[in-house]
Structures are given as structure tokens and as C-alpha cells.
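Below: one structure, written as C-alpha cells.
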Amino acid sequence: MDALELNAIAHNGTVTVTLPDRYRQAWDEQAVRVILLKEGPIQAPSKGSLLAKLRQVKISAPADFSENIDAYLTGEKNA
């Protein structure tokens, strides 16, 4: 696969790229694939603490689930 990296600016939903003269003959009238990558520092997703994530877990279970969890896990009782 031939590749060429060019800089462009997106504006109002349009990305305009002008091929430099030295590439025009090889690339003119060719089908191309465009991949947009935002320039700038990469921002890591914010990580919440494990306990904060566990607080969001919701369990729907019978009233005696916590007392008889072993029986539910082994299949002696059905939830």
C-alpha cells in the first residue's frame, strides 16, 4: 500500500487537502482512503477508582442471596 501523509484543516464539515506538485502526477484521479487523526497531545481516558466503579454495579437477586450465596453459586438454589 502506498501512503502519503499530509496536513489539513477541517472546517464546517469539510476537509480540504491540496496535493503538493511533486505528488500530483502519481496521485491525481486515484481513489484514496482518508483517516482523520486529531493533532495534539493524546488524552488518556479518566480512570475512576475501583471502588467508584464497584459502587455502580447493580445486582438483582433474591432477598436471601447474601446469606445463601454458596447455594446459589453451586446451583442448589435457583435465582
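By convention here, the chains of the C-alpha cells are called A, B, ... in the order presented, each chain's residues are numbered starting at 1, and ligands are numbered starting at 1 in the order presented.
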
**Request:** Please provide as a count of residues only all residues within 12 Å of segment 10-12 of chain A, with the sequence filter that same-chain residues fewer than 2 positions apart are discarded (counting only C-alpha atoms).
**Result:** 10

Backbone-only DSSP, strand (DSSP E) members of segment 6-71 of chain A, as a tab-separated table (two decimals) with N, CA and C atoms, in the first residue's frame:
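Saved file states_18.tsv follows:
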```
chain	number	residue	atom	x	y	z
A	9	ILE	N	-6.91	20.95	7.44
A	9	ILE	CA	-7.75	21.54	8.48
A	9	ILE	C	-9.20	21.26	8.14
A	10	ALA	N	-9.94	20.74	9.12
A	10	ALA	CA	-11.37	20.50	8.94
A	10	ALA	C	-12.10	21.81	9.27
A	11	HIS	N	-13.08	22.17	8.43
A	11	HIS	CA	-13.84	23.40	8.64
A	11	HIS	C	-15.25	23.21	8.11
A	14	THR	N	-16.00	19.96	6.24
A	14	THR	CA	-15.25	19.68	5.02
A	14	THR	C	-13.76	19.67	5.32
A	15	VAL	N	-13.06	18.70	4.75
A	15	VAL	CA	-11.61	18.66	4.86
A	15	VAL	C	-11.05	18.86	3.47
A	16	THR	N	-10.24	19.88	3.32
A	16	THR	CA	-9.64	20.18	2.02
A	16	THR	C	-8.15	19.89	2.09
```

**Request:** Please identify which residues in chain A DSSP calls helix (DSSP H, G or I) from the backbone, and express them as a ChimeraX atom specification.
**Result:** /A:21-27,50-55,69-74

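Those residues that approach Lys77 of chain A to within 12 Å, counting only C-alpha atoms, are A:Ala61, A:Pro62, A:Asp64, A:Phe65, A:Glu67, A:Asn68, A:Ile69, A:Asp70, A:Ala71, A:Tyr72, A:Leu73; same-chain residues fewer than 4 positions away are not listed.
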
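Using only C-alpha atoms, the nearest neighbour of Ala3 of chain A within the list A:Gly40, A:Val32, A:Gln25, A:Thr74 is A:Val32.
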
**Prompt:** Which distance in Å separates atom CA of Lys53 of chain A and atom CA of Gly75 of chain A, to one decimal?
**Reply:** 28.1 Å

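Proximity of A:Gln43, A:Val57, A:Asp2, A:Leu50 to Gln30 of chain A, computed with only C-alpha atoms, is greatest for A:Asp2.
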
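Nearest to Ala26 of chain A of all the residues A:Leu4, A:Gly13, A:Pro41, A:Ala63 is A:Leu4, based on only C-alpha atoms.
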
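Atom CA of Val34 of chain A is positioned 13.3 Å from atom CA of Leu19 of chain A.
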